[in-house]
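Structure first, commentary second.
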Amino acid sequence: MRDRALVVDGGATLQEDLERGLVVVPQRIRVGRKEFIDDGNLDAYAGFYALLRGGARTATATPSPGEYLDAFRRSDAETILCLTIPEHWSAMHSTASLAAGMLEAEEGRRRVTVIDTGTAVGGFSLIARRAACLAETAPDAGAWAAAVRAACDQVRVYGALETLTYVARTGRVPGLLAGISNSLRIRPVFRLVEGGDTGRVALTRTAGGAMRQLQRVAVDELGPGPQWLMVFHADAPDEAAELAELLRAAVHVVRCENLPLSPIFGANTGPGTIGFAALPWPGDAPPD
């Protein structure tokens, strides 16, 4: 029996490994007439994005309390941390909290703590990896949860969209504005701030311009200290690789990982999205 376990959904782009104390709650996405299950299997992402580029519409569903409860039951760890994206983006936090209460009533003890990470896209993936590292190094369960919450407060996320079409479908951007932006071939560069709100960094017209803006914001906002970076992309691996090189040349990078963006997020940002998440280097994680 492991002392600690981490539960995440498919958006973390991690695959379940019960021996390591990692449990994944699959998420279902309707893509046209097909159902796609996001369980962290990166090999399946290309097919999803091919359908999306082909014009397929998507519909996402929050995992049910029963699915979270099943995930919690798959671990017999004394302490379980469950990470979710921001509450105002999804009902996952409240659903996971309900399932944690159901498990407590079933077992007569509280094993699960649900943490709203306040972040998404690459930031959620980075926090999940930091939490997995801390599960091995934190001196006790309380210190583990506190360190994960501290990382949630520190993470920064920046990205660039290829189009506003997919964001407009979520209702967060008016369709008319998206149409004007697309006709002008504008690529918005954004930051994800605390709680999952977004703010505009710049407007560019080319992929190269978007990458230069992302490099500039890294220099301006990350500072000179060592960084752990997660470069993410939605079906744009070449641009992500170029962005990673620009970031390595601009800031002090100790560890940099390139990661396909989970379809749960890519369905809302659209193909062609690139960006990065950053945490100050903690010192107790393995470098590249």
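Going by the structure tokens order, chains are called A, B, ..., each with residues numbered from 1, while ligands are numbered from 1 in the order shown.
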
Show which residues sit within 8 Å of Ala131 (chain A), as a PyMOL selection string. Count only C-alpha atoms, and ignore same-chain residues fewer than 3 positions away.
chain A and resi 6+127-128+134-135+144+148

Please write the residues from the selection above to a file, keeping C-alpha atoms, as a short mmCIF file (atom, residue, chain, number, x, y, z; two decimals), in the first residue's frame.
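Output file out.cif is given in full below:
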```
data_model
loop_
_atom_site.label_atom_id
_atom_site.label_comp_id
_atom_site.auth_asym_id
_atom_site.auth_seq_id
_atom_site.Cartn_x
_atom_site.Cartn_y
_atom_site.Cartn_z
CA LEU A 6 -2.62 11.59 -6.79
CA ILE A 127 1.04 21.29 -11.43
CA ALA A 128 0.14 17.60 -11.78
CA LEU A 134 6.15 16.21 -4.09
CA ALA A 135 4.34 12.96 -3.26
CA TRP A 144 2.45 17.66 0.53
CA VAL A 148 1.01 21.70 -4.00
#
```

Mind checking which residues fall within 12 Å of Glu162 (chain A), counting only C-alpha atoms, ignoring those fewer than 2 positions away in the same chain, and posting them as a ChimeraX atom specification?
/A:53,159-160,164-167,178,181-182,184-190,203-211,233-236,239,266,268-275

Can I get the selected residues back with N, CA and C atoms, as a CSV table (one decimal), in the first residue's frame?
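Full text of again-v4.csv as output:
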```
chain,number,residue,atom,x,y,z
A,53,ARG,N,-9.8,19.6,-37.1
A,53,ARG,CA,-9.4,20.4,-38.2
A,53,ARG,C,-10.3,20.1,-39.4
A,159,GLY,N,-0.1,31.8,-23.7
A,159,GLY,CA,-0.4,31.0,-24.9
A,159,GLY,C,-0.8,31.9,-26.0
A,160,ALA,N,-0.9,31.3,-27.2
A,160,ALA,CA,-1.3,32.0,-28.4
A,160,ALA,C,-2.3,31.1,-29.2
A,164,LEU,N,-9.8,32.4,-33.2
A,164,LEU,CA,-10.8,32.6,-32.1
A,164,LEU,C,-12.1,31.7,-32.3
A,165,THR,N,-12.1,31.0,-33.3
A,165,THR,CA,-13.3,30.2,-33.7
A,165,THR,C,-13.8,29.3,-32.5
A,166,TYR,N,-12.8,28.6,-32.0
A,166,TYR,CA,-13.2,27.6,-31.0
A,166,TYR,C,-13.5,28.2,-29.6
A,167,VAL,N,-12.8,29.3,-29.3
A,167,VAL,CA,-13.2,30.0,-28.0
A,167,VAL,C,-14.5,30.6,-28.2
A,178,ALA,N,-14.9,37.1,-33.2
A,178,ALA,CA,-14.1,36.0,-33.7
A,178,ALA,C,-14.0,36.1,-35.2
A,181,SER,N,-11.7,38.9,-36.2
A,181,SER,CA,-10.3,38.6,-35.9
A,181,SER,C,-9.8,37.6,-36.9
A,182,ASN,N,-10.6,36.6,-37.2
A,182,ASN,CA,-10.1,35.6,-38.2
A,182,ASN,C,-9.9,36.1,-39.6
A,184,LEU,N,-9.0,39.0,-40.3
A,184,LEU,CA,-7.7,39.8,-40.3
A,184,LEU,C,-6.5,39.0,-40.0
A,185,ARG,N,-6.7,37.7,-39.8
A,185,ARG,CA,-5.6,36.7,-39.5
A,185,ARG,C,-4.9,37.1,-38.2
A,186,ILE,N,-5.6,37.5,-37.2
A,186,ILE,CA,-5.0,37.9,-35.9
A,186,ILE,C,-4.9,36.7,-35.0
A,187,ARG,N,-3.7,36.6,-34.4
A,187,ARG,CA,-3.4,35.5,-33.4
A,187,ARG,C,-3.3,36.1,-32.0
A,188,PRO,N,-4.3,36.0,-31.2
A,188,PRO,CA,-4.3,36.6,-29.8
A,188,PRO,C,-3.2,35.9,-29.0
A,189,VAL,N,-2.5,36.6,-28.2
A,189,VAL,CA,-1.5,36.1,-27.2
A,189,VAL,C,-2.1,36.4,-25.9
A,190,PHE,N,-2.2,35.4,-25.0
A,190,PHE,CA,-2.9,35.6,-23.7
A,190,PHE,C,-2.1,35.1,-22.5
A,203,LEU,N,-1.6,41.1,-29.8
A,203,LEU,CA,-2.3,40.6,-31.0
A,203,LEU,C,-1.2,40.6,-32.1
A,204,THR,N,-1.1,39.4,-32.7
A,204,THR,CA,-0.1,39.2,-33.7
A,204,THR,C,-0.8,38.7,-35.0
A,205,ARG,N,0.0,38.7,-36.1
A,205,ARG,CA,-0.6,38.2,-37.3
A,205,ARG,C,0.1,36.9,-37.8
A,206,THR,N,1.2,36.5,-37.2
A,206,THR,CA,1.9,35.3,-37.7
A,206,THR,C,2.3,34.5,-36.5
A,207,ALA,N,2.6,33.2,-36.9
A,207,ALA,CA,3.1,32.3,-35.8
A,207,ALA,C,4.4,32.8,-35.2
A,208,GLY,N,5.3,33.3,-36.1
A,208,GLY,CA,6.5,33.8,-35.6
A,208,GLY,C,6.4,35.0,-34.7
A,209,GLY,N,5.4,35.9,-35.0
A,209,GLY,CA,5.1,37.0,-34.2
A,209,GLY,C,4.6,36.6,-32.8
A,210,ALA,N,3.7,35.5,-32.8
A,210,ALA,CA,3.2,35.0,-31.6
A,210,ALA,C,4.3,34.5,-30.7
A,211,MET,N,5.2,33.7,-31.3
A,211,MET,CA,6.3,33.1,-30.5
A,211,MET,C,7.2,34.2,-30.0
A,233,HIS,N,1.2,22.4,-27.0
A,233,HIS,CA,0.7,22.7,-28.3
A,233,HIS,C,-0.5,21.9,-28.6
A,234,ALA,N,-1.4,22.4,-29.5
A,234,ALA,CA,-2.6,21.6,-30.0
A,234,ALA,C,-2.3,21.4,-31.4
A,235,ASP,N,-1.7,20.2,-31.7
A,235,ASP,CA,-1.4,19.8,-33.1
A,235,ASP,C,-0.5,20.8,-33.8
A,236,ALA,N,0.5,21.3,-33.1
A,236,ALA,CA,1.5,22.2,-33.7
A,236,ALA,C,2.9,21.9,-33.1
A,239,GLU,N,6.0,24.2,-34.2
A,239,GLU,CA,6.0,25.5,-33.6
A,239,GLU,C,6.3,25.4,-32.1
A,266,GLY,N,-7.9,21.4,-25.8
A,266,GLY,CA,-7.8,21.7,-27.2
A,266,GLY,C,-9.1,21.9,-27.9
A,268,ASN,N,-11.5,23.6,-26.8
A,268,ASN,CA,-11.9,25.0,-26.5
A,268,ASN,C,-10.9,26.0,-27.1
A,269,THR,N,-9.6,25.7,-27.2
A,269,THR,CA,-8.6,26.6,-27.7
A,269,THR,C,-8.5,26.5,-29.2
A,270,GLY,N,-8.7,25.2,-29.8
A,270,GLY,CA,-8.6,25.0,-31.2
A,270,GLY,C,-7.2,24.5,-31.6
A,271,PRO,N,-7.1,23.8,-32.7
A,271,PRO,CA,-5.8,23.4,-33.2
A,271,PRO,C,-4.9,24.6,-33.5
A,272,GLY,N,-3.6,24.4,-33.4
A,272,GLY,CA,-2.6,25.4,-33.6
A,272,GLY,C,-2.3,26.3,-32.4
A,273,THR,N,-2.9,26.0,-31.3
A,273,THR,CA,-2.6,26.8,-30.1
A,273,THR,C,-1.2,26.3,-29.6
A,274,ILE,N,-0.4,27.3,-29.2
A,274,ILE,CA,0.9,27.0,-28.5
A,274,ILE,C,1.0,27.8,-27.3
A,275,GLY,N,1.9,27.5,-26.4
A,275,GLY,CA,2.1,28.3,-25.2
A,275,GLY,C,3.0,27.6,-24.2
```

Enumerate, as a ChimeraX atom specification, the complete set of residues in region 63-183 of chain A that a backbone-based DSSP assignment places in helix (DSSP H, G or I).
/A:65-73,92-107,121-137,141-154,165-169,175-183

Need to verify the contact set: region 115-126 of chain A, 9 Å, only C-alpha atoms, exclusion of same-chain residues closer than 4 positions in sequence. Can you return it as a PDB file with N, CA and C atoms, in the first residue's frame?
```
ATOM      1  N   GLY A  11      -7.021  15.753 -18.542  1.00  0.00           N
ATOM      2  CA  GLY A  11      -6.401  17.019 -18.926  1.00  0.00           C
ATOM      3  C   GLY A  11      -4.975  17.177 -18.455  1.00  0.00           C
ATOM      4  N   ALA A  12      -4.553  16.372 -17.486  1.00  0.00           N
ATOM      5  CA  ALA A  12      -3.178  16.452 -16.981  1.00  0.00           C
ATOM      6  C   ALA A  12      -2.182  15.781 -17.917  1.00  0.00           C
ATOM      7  N   THR A  13      -2.689  15.045 -18.914  1.00  0.00           N
ATOM      8  CA  THR A  13      -1.848  14.297 -19.854  1.00  0.00           C
ATOM      9  C   THR A  13      -0.867  13.384 -19.122  1.00  0.00           C
ATOM     10  N   LEU A  14      -1.379  12.666 -18.147  1.00  0.00           N
ATOM     11  CA  LEU A  14      -0.638  11.628 -17.441  1.00  0.00           C
ATOM     12  C   LEU A  14      -1.437  10.336 -17.541  1.00  0.00           C
ATOM     13  N   LEU A  81      -4.684  13.174  -2.939  1.00  0.00           N
ATOM     14  CA  LEU A  81      -4.925  14.527  -3.418  1.00  0.00           C
ATOM     15  C   LEU A  81      -5.554  14.435  -4.801  1.00  0.00           C
ATOM     16  N   CYS A  82      -6.636  15.137  -5.000  1.00  0.00           N
ATOM     17  CA  CYS A  82      -7.321  15.194  -6.293  1.00  0.00           C
ATOM     18  C   CYS A  82      -7.232  16.619  -6.821  1.00  0.00           C
ATOM     19  N   LEU A  83      -6.651  16.793  -7.998  1.00  0.00           N
ATOM     20  CA  LEU A  83      -6.481  18.108  -8.596  1.00  0.00           C
ATOM     21  C   LEU A  83      -7.551  18.354  -9.652  1.00  0.00           C
ATOM     22  N   THR A  84      -8.085  19.579  -9.685  1.00  0.00           N
ATOM     23  CA  THR A  84      -9.064  19.950 -10.715  1.00  0.00           C
ATOM     24  C   THR A  84      -8.723  21.313 -11.296  1.00  0.00           C
ATOM     25  N   ILE A  85      -9.305  21.589 -12.453  1.00  0.00           N
ATOM     26  CA  ILE A  85      -9.182  22.923 -13.046  1.00  0.00           C
ATOM     27  C   ILE A  85     -10.132  23.870 -12.302  1.00  0.00           C
ATOM     28  N   PRO A  86     -10.078  25.185 -12.598  1.00  0.00           N
ATOM     29  CA  PRO A  86     -10.888  26.145 -11.832  1.00  0.00           C
ATOM     30  C   PRO A  86     -12.380  25.840 -11.830  1.00  0.00           C
ATOM     31  N   GLU A  87     -13.000  26.095 -10.692  1.00  0.00           N
ATOM     32  CA  GLU A  87     -14.416  25.816 -10.499  1.00  0.00           C
ATOM     33  C   GLU A  87     -15.288  26.532 -11.520  1.00  0.00           C
ATOM     34  N   HIS A  93     -14.549  20.322  -9.878  1.00  0.00           N
ATOM     35  CA  HIS A  93     -14.164  20.486  -8.481  1.00  0.00           C
ATOM     36  C   HIS A  93     -15.315  20.100  -7.549  1.00  0.00           C
ATOM     37  N   ARG A 130       4.336  18.415 -10.770  1.00  0.00           N
ATOM     38  CA  ARG A 130       4.943  18.897  -9.532  1.00  0.00           C
ATOM     39  C   ARG A 130       4.346  18.158  -8.331  1.00  0.00           C
ATOM     40  N   ALA A 131       3.051  17.938  -8.339  1.00  0.00           N
ATOM     41  CA  ALA A 131       2.406  17.208  -7.242  1.00  0.00           C
ATOM     42  C   ALA A 131       2.916  15.777  -7.159  1.00  0.00           C
ATOM     43  N   ALA A 145       0.216  18.602   0.668  1.00  0.00           N
ATOM     44  CA  ALA A 145      -0.903  19.430   0.217  1.00  0.00           C
ATOM     45  C   ALA A 145      -0.518  20.908   0.218  1.00  0.00           C
ATOM     46  N   VAL A 148       1.756  21.690  -2.750  1.00  0.00           N
ATOM     47  CA  VAL A 148       1.005  21.703  -4.003  1.00  0.00           C
ATOM     48  C   VAL A 148       0.221  23.008  -4.139  1.00  0.00           C
ATOM     49  N   ARG A 149      -0.411  23.448  -3.058  1.00  0.00           N
ATOM     50  CA  ARG A 149      -1.154  24.709  -3.106  1.00  0.00           C
ATOM     51  C   ARG A 149      -0.211  25.890  -3.377  1.00  0.00           C
ATOM     52  N   ALA A 151       2.521  25.749  -5.140  1.00  0.00           N
ATOM     53  CA  ALA A 151       2.840  25.685  -6.560  1.00  0.00           C
ATOM     54  C   ALA A 151       1.696  26.245  -7.409  1.00  0.00           C
ATOM     55  N   CYS A 152       0.454  25.978  -7.002  1.00  0.00           N
ATOM     56  CA  CYS A 152      -0.702  26.524  -7.721  1.00  0.00           C
ATOM     57  C   CYS A 152      -0.677  28.054  -7.716  1.00  0.00           C
ATOM     58  N   ASP A 153      -0.219  28.644  -6.613  1.00  0.00           N
ATOM     59  CA  ASP A 153      -0.136  30.102  -6.523  1.00  0.00           C
ATOM     60  C   ASP A 153       0.997  30.665  -7.394  1.00  0.00           C
ATOM     61  N   VAL A 155       2.342  29.147 -10.346  1.00  0.00           N
ATOM     62  CA  VAL A 155       2.383  28.796 -11.763  1.00  0.00           C
ATOM     63  C   VAL A 155       1.883  29.951 -12.635  1.00  0.00           C
ATOM     64  N   ARG A 156       2.528  30.109 -13.780  1.00  0.00           N
ATOM     65  CA  ARG A 156       2.120  31.122 -14.759  1.00  0.00           C
ATOM     66  C   ARG A 156       1.942  30.455 -16.115  1.00  0.00           C
ATOM     67  N   VAL A 157       0.937  30.905 -16.853  1.00  0.00           N
ATOM     68  CA  VAL A 157       0.606  30.280 -18.135  1.00  0.00           C
ATOM     69  C   VAL A 157       0.391  31.362 -19.184  1.00  0.00           C
ATOM     70  N   TYR A 158       1.003  31.145 -20.353  1.00  0.00           N
ATOM     71  CA  TYR A 158       0.872  32.069 -21.474  1.00  0.00           C
ATOM     72  C   TYR A 158       0.656  31.252 -22.742  1.00  0.00           C
ATOM     73  N   LEU A 192      -2.963  33.338 -18.613  1.00  0.00           N
ATOM     74  CA  LEU A 192      -3.970  32.762 -17.729  1.00  0.00           C
ATOM     75  C   LEU A 192      -3.630  33.201 -16.317  1.00  0.00           C
ATOM     76  N   VAL A 193      -4.530  33.935 -15.685  1.00  0.00           N
ATOM     77  CA  VAL A 193      -4.258  34.484 -14.362  1.00  0.00           C
ATOM     78  C   VAL A 193      -4.963  33.652 -13.309  1.00  0.00           C
ATOM     79  N   GLU A 194      -4.749  34.018 -12.054  1.00  0.00           N
ATOM     80  CA  GLU A 194      -5.276  33.245 -10.927  1.00  0.00           C
ATOM     81  C   GLU A 194      -6.779  33.036 -11.044  1.00  0.00           C
ATOM     82  N   GLY A 195      -7.197  31.818 -10.815  1.00  0.00           N
ATOM     83  CA  GLY A 195      -8.610  31.485 -10.892  1.00  0.00           C
ATOM     84  C   GLY A 195      -9.071  31.079 -12.270  1.00  0.00           C
ATOM     85  N   GLY A 196      -8.156  31.115 -13.256  1.00  0.00           N
ATOM     86  CA  GLY A 196      -8.513  30.681 -14.594  1.00  0.00           C
ATOM     87  C   GLY A 196      -8.988  31.778 -15.515  1.00  0.00           C
ATOM     88  N   ASP A 197      -9.008  33.030 -15.057  1.00  0.00           N
ATOM     89  CA  ASP A 197      -9.356  34.128 -15.945  1.00  0.00           C
ATOM     90  C   ASP A 197      -8.217  34.368 -16.942  1.00  0.00           C
ATOM     91  N   TRP A 228      11.097  25.902 -14.351  1.00  0.00           N
ATOM     92  CA  TRP A 228      10.614  24.628 -14.888  1.00  0.00           C
ATOM     93  C   TRP A 228       9.508  24.994 -15.877  1.00  0.00           C
ATOM     94  N   LEU A 229       9.706  24.675 -17.158  1.00  0.00           N
ATOM     95  CA  LEU A 229       8.760  25.052 -18.200  1.00  0.00           C
ATOM     96  C   LEU A 229       8.039  23.839 -18.771  1.00  0.00           C
ATOM     97  N   MET A 230       6.796  24.058 -19.121  1.00  0.00           N
ATOM     98  CA  MET A 230       5.996  23.085 -19.850  1.00  0.00           C
ATOM     99  C   MET A 230       5.496  23.778 -21.118  1.00  0.00           C
ATOM    100  N   VAL A 231       6.085  23.447 -22.264  1.00  0.00           N
ATOM    101  CA  VAL A 231       5.645  24.002 -23.535  1.00  0.00           C
ATOM    102  C   VAL A 231       4.553  23.093 -24.092  1.00  0.00           C
ATOM    103  N   PHE A 232       3.397  23.677 -24.425  1.00  0.00           N
ATOM    104  CA  PHE A 232       2.277  22.867 -24.887  1.00  0.00           C
ATOM    105  C   PHE A 232       1.821  23.310 -26.266  1.00  0.00           C
ATOM    106  N   HIS A 233       1.182  22.388 -26.953  1.00  0.00           N
ATOM    107  CA  HIS A 233       0.686  22.715 -28.293  1.00  0.00           C
ATOM    108  C   HIS A 233      -0.521  21.855 -28.625  1.00  0.00           C
ATOM    109  N   LEU A 259       4.767  19.156 -24.691  1.00  0.00           N
ATOM    110  CA  LEU A 259       3.622  18.291 -24.416  1.00  0.00           C
ATOM    111  C   LEU A 259       2.451  18.627 -25.333  1.00  0.00           C
ATOM    112  N   LEU A 261      -1.308  19.221 -26.146  1.00  0.00           N
ATOM    113  CA  LEU A 261      -2.380  19.713 -25.288  1.00  0.00           C
ATOM    114  C   LEU A 261      -3.527  18.716 -25.262  1.00  0.00           C
ATOM    115  N   SER A 262      -3.998  18.427 -24.063  1.00  0.00           N
ATOM    116  CA  SER A 262      -5.121  17.511 -23.923  1.00  0.00           C
ATOM    117  C   SER A 262      -6.314  17.968 -24.755  1.00  0.00           C
ATOM    118  N   ILE A 264      -9.293  17.834 -24.026  1.00  0.00           N
ATOM    119  CA  ILE A 264     -10.247  18.530 -23.169  1.00  0.00           C
ATOM    120  C   ILE A 264     -10.045  20.044 -23.272  1.00  0.00           C
ATOM    121  N   PHE A 265      -8.791  20.465 -23.348  1.00  0.00           N
ATOM    122  CA  PHE A 265      -8.489  21.883 -23.505  1.00  0.00           C
ATOM    123  C   PHE A 265      -8.458  22.288 -24.979  1.00  0.00           C
ATOM    124  N   GLY A 266      -7.901  21.410 -25.823  1.00  0.00           N
ATOM    125  CA  GLY A 266      -7.784  21.731 -27.242  1.00  0.00           C
ATOM    126  C   GLY A 266      -9.126  21.926 -27.920  1.00  0.00           C
ATOM    127  N   GLY A 275       1.911  27.478 -26.404  1.00  0.00           N
ATOM    128  CA  GLY A 275       2.125  28.282 -25.203  1.00  0.00           C
ATOM    129  C   GLY A 275       3.047  27.583 -24.235  1.00  0.00           C
ATOM    130  N   PHE A 276       3.165  28.149 -23.051  1.00  0.00           N
ATOM    131  CA  PHE A 276       4.003  27.529 -22.033  1.00  0.00           C
ATOM    132  C   PHE A 276       3.480  27.859 -20.646  1.00  0.00           C
ATOM    133  N   ALA A 277       3.774  26.958 -19.718  1.00  0.00           N
ATOM    134  CA  ALA A 277       3.534  27.179 -18.297  1.00  0.00           C
ATOM    135  C   ALA A 277       4.882  27.195 -17.603  1.00  0.00           C
ATOM    136  N   ALA A 278       4.983  27.935 -16.502  1.00  0.00           N
ATOM    137  CA  ALA A 278       6.258  28.073 -15.809  1.00  0.00           C
ATOM    138  C   ALA A 278       6.068  28.034 -14.312  1.00  0.00           C
ATOM    139  N   LEU A 279       6.997  27.360 -13.654  1.00  0.00           N
ATOM    140  CA  LEU A 279       7.116  27.370 -12.199  1.00  0.00           C
ATOM    141  C   LEU A 279       8.549  27.719 -11.829  1.00  0.00           C
TER     142      LEU A 279
END
```

As number ranges by chain, please: every residue in region 101-251 of chain A that DSSP puts in strand (DSSP E).
A: 112-116, 156-160, 187-192, 198-204, 227-233

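Residue nearest Leu22 (chain A), chosen from A:Arg4, A:Arg212, A:His252, A:Arg200 and counting only C-alpha atoms: A:Arg4.
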
Which is closest to Met92 (chain A) among A:Val8, A:Val31, A:Ala132, A:Ala77, if we use only C-alpha atoms?
A:Val8

Long-range neighbours of Asn41 (chain A) as JSON, numbers by chain, 10 Å cut-off, only C-alpha atoms, 3 positions minimum in chain:
{"A": [10, 13, 14, 15, 16, 37, 38, 44, 45, 262]}

Please provide the set of residues having any atom within 12 Å of region 95-98 of chain A, restricted to only C-alpha atoms, with same-chain residues fewer than 3 positions apart removed, written as a VMD selection string.
chain A and resid 7 to 9 25 61 to 72 80 to 85 87 90 to 92 101 to 105 110 to 116

Keeping only N, CA, C and O atoms, write the selected residues as a short mmCIF file (atom, residue, chain, number, x, y, z; two decimals), in the first residue's frame.
```cif
data_model
loop_
_atom_site.label_atom_id
_atom_site.label_comp_id
_atom_site.auth_asym_id
_atom_site.auth_seq_id
_atom_site.Cartn_x
_atom_site.Cartn_y
_atom_site.Cartn_z
N VAL A 7 -4.80 11.94 -7.80
CA VAL A 7 -5.87 11.71 -8.76
C VAL A 7 -6.01 12.96 -9.64
O VAL A 7 -6.14 14.07 -9.12
N VAL A 8 -5.96 12.75 -10.95
CA VAL A 8 -6.13 13.83 -11.91
C VAL A 8 -7.08 13.36 -13.00
O VAL A 8 -7.36 12.16 -13.11
N ASP A 9 -7.56 14.27 -13.82
CA ASP A 9 -8.36 13.88 -14.97
C ASP A 9 -7.46 13.83 -16.20
O ASP A 9 -6.26 14.12 -16.13
N VAL A 25 -8.84 9.95 -13.99
CA VAL A 25 -10.28 9.92 -14.26
C VAL A 25 -10.47 10.24 -15.74
O VAL A 25 -10.19 11.38 -16.16
N ALA A 61 -17.96 16.59 -21.50
CA ALA A 61 -18.79 16.22 -20.35
C ALA A 61 -17.93 16.11 -19.11
O ALA A 61 -16.84 15.53 -19.16
N THR A 62 -18.41 16.66 -18.01
CA THR A 62 -17.71 16.52 -16.73
C THR A 62 -17.84 15.10 -16.22
O THR A 62 -18.93 14.53 -16.27
N PRO A 63 -16.75 14.48 -15.73
CA PRO A 63 -16.88 13.15 -15.14
C PRO A 63 -17.92 13.17 -14.01
O PRO A 63 -18.06 14.15 -13.29
N SER A 64 -18.65 12.10 -13.87
CA SER A 64 -19.70 12.01 -12.86
C SER A 64 -19.10 11.78 -11.49
O SER A 64 -17.95 11.35 -11.35
N PRO A 65 -19.88 12.03 -10.42
CA PRO A 65 -19.41 11.68 -9.08
C PRO A 65 -19.02 10.21 -8.97
O PRO A 65 -18.05 9.86 -8.29
N GLY A 66 -19.76 9.34 -9.66
CA GLY A 66 -19.44 7.92 -9.63
C GLY A 66 -18.09 7.61 -10.24
O GLY A 66 -17.37 6.71 -9.77
N GLU A 67 -17.74 8.33 -11.31
CA GLU A 67 -16.45 8.10 -11.95
C GLU A 67 -15.31 8.55 -11.03
O GLU A 67 -14.26 7.89 -10.96
N TYR A 68 -15.51 9.67 -10.35
CA TYR A 68 -14.50 10.10 -9.38
C TYR A 68 -14.42 9.12 -8.22
O TYR A 68 -13.33 8.77 -7.74
N LEU A 69 -15.57 8.65 -7.75
CA LEU A 69 -15.59 7.69 -6.65
C LEU A 69 -14.86 6.41 -7.04
O LEU A 69 -14.07 5.86 -6.25
N ASP A 70 -15.08 5.93 -8.26
CA ASP A 70 -14.37 4.74 -8.73
C ASP A 70 -12.86 4.98 -8.74
O ASP A 70 -12.08 4.08 -8.39
N ALA A 71 -12.46 6.19 -9.16
CA ALA A 71 -11.03 6.51 -9.18
C ALA A 71 -10.45 6.49 -7.77
O ALA A 71 -9.37 5.95 -7.53
N PHE A 72 -11.17 7.07 -6.82
CA PHE A 72 -10.69 7.09 -5.44
C PHE A 72 -10.58 5.66 -4.88
O PHE A 72 -9.64 5.33 -4.16
N ILE A 80 -5.05 10.93 -0.33
CA ILE A 80 -5.25 11.13 -1.76
C ILE A 80 -5.46 12.62 -2.02
O ILE A 80 -6.30 13.25 -1.39
N LEU A 81 -4.68 13.17 -2.94
CA LEU A 81 -4.93 14.53 -3.42
C LEU A 81 -5.55 14.44 -4.80
O LEU A 81 -5.05 13.71 -5.67
N CYS A 82 -6.64 15.14 -5.00
CA CYS A 82 -7.32 15.19 -6.29
C CYS A 82 -7.23 16.62 -6.82
O CYS A 82 -7.68 17.57 -6.15
N LEU A 83 -6.65 16.79 -8.00
CA LEU A 83 -6.48 18.11 -8.60
C LEU A 83 -7.55 18.35 -9.65
O LEU A 83 -7.87 17.45 -10.45
N THR A 84 -8.08 19.58 -9.69
CA THR A 84 -9.06 19.95 -10.71
C THR A 84 -8.72 21.31 -11.30
O THR A 84 -7.96 22.08 -10.71
N ILE A 85 -9.31 21.59 -12.45
CA ILE A 85 -9.18 22.92 -13.05
C ILE A 85 -10.13 23.87 -12.30
O ILE A 85 -10.91 23.44 -11.45
N GLU A 87 -13.00 26.09 -10.69
CA GLU A 87 -14.42 25.82 -10.50
C GLU A 87 -15.29 26.53 -11.52
O GLU A 87 -16.28 25.98 -12.00
N SER A 90 -15.43 24.61 -14.89
CA SER A 90 -16.01 23.26 -14.97
C SER A 90 -16.57 22.88 -13.60
O SER A 90 -16.16 23.42 -12.58
N ALA A 91 -17.48 21.92 -13.61
CA ALA A 91 -18.05 21.41 -12.37
C ALA A 91 -17.20 20.31 -11.77
O ALA A 91 -17.62 19.66 -10.80
N MET A 92 -16.00 20.08 -12.29
CA MET A 92 -15.18 18.97 -11.81
C MET A 92 -14.83 19.10 -10.33
O MET A 92 -14.79 18.11 -9.61
N GLY A 101 -16.76 13.14 -0.39
CA GLY A 101 -17.68 12.98 0.73
C GLY A 101 -18.36 11.62 0.72
O GLY A 101 -18.60 11.02 1.78
N MET A 102 -18.66 11.12 -0.48
CA MET A 102 -19.28 9.79 -0.59
C MET A 102 -18.32 8.71 -0.10
O MET A 102 -18.72 7.78 0.60
N LEU A 103 -17.04 8.84 -0.45
CA LEU A 103 -16.05 7.86 0.01
C LEU A 103 -15.90 7.92 1.53
O LEU A 103 -15.78 6.88 2.19
N GLU A 104 -15.91 9.13 2.07
CA GLU A 104 -15.80 9.28 3.53
C GLU A 104 -16.97 8.60 4.24
O GLU A 104 -16.79 7.90 5.26
N ALA A 105 -18.17 8.79 3.70
CA ALA A 105 -19.34 8.16 4.30
C ALA A 105 -19.27 6.64 4.19
O ALA A 105 -19.69 5.91 5.11
N ARG A 110 -11.73 10.20 6.33
CA ARG A 110 -11.50 11.15 5.24
C ARG A 110 -10.12 10.89 4.63
O ARG A 110 -9.11 11.09 5.29
N ARG A 111 -10.09 10.43 3.38
CA ARG A 111 -8.81 10.17 2.72
C ARG A 111 -8.51 11.15 1.60
O ARG A 111 -7.36 11.30 1.20
N VAL A 112 -9.53 11.82 1.07
CA VAL A 112 -9.36 12.62 -0.16
C VAL A 112 -9.44 14.11 0.14
O VAL A 112 -10.37 14.57 0.80
N THR A 113 -8.46 14.85 -0.37
CA THR A 113 -8.49 16.31 -0.36
C THR A 113 -8.54 16.78 -1.82
O THR A 113 -7.68 16.39 -2.63
N VAL A 114 -9.53 17.60 -2.15
CA VAL A 114 -9.69 18.09 -3.52
C VAL A 114 -9.14 19.51 -3.58
O VAL A 114 -9.51 20.38 -2.77
N ILE A 115 -8.25 19.75 -4.54
CA ILE A 115 -7.61 21.05 -4.68
C ILE A 115 -7.97 21.67 -6.02
O ILE A 115 -7.72 21.07 -7.08
N ASP A 116 -8.56 22.85 -5.99
CA ASP A 116 -8.78 23.65 -7.20
C ASP A 116 -7.45 24.31 -7.53
O ASP A 116 -6.98 25.19 -6.81
#
```

Need to verify the contact set: Gly47 (chain A), 10 Å, only C-alpha atoms, exclusion of same-chain residues closer than 4 positions in sequence. Can you return it as a PyMOL selection string?
chain A and resi 36+43+51-52+235

Which one is closest to Pro280 (chain A): A:Glu106, A:Asp3, A:Glu221, A:Glu78? Count only C-alpha atoms.
A:Glu221
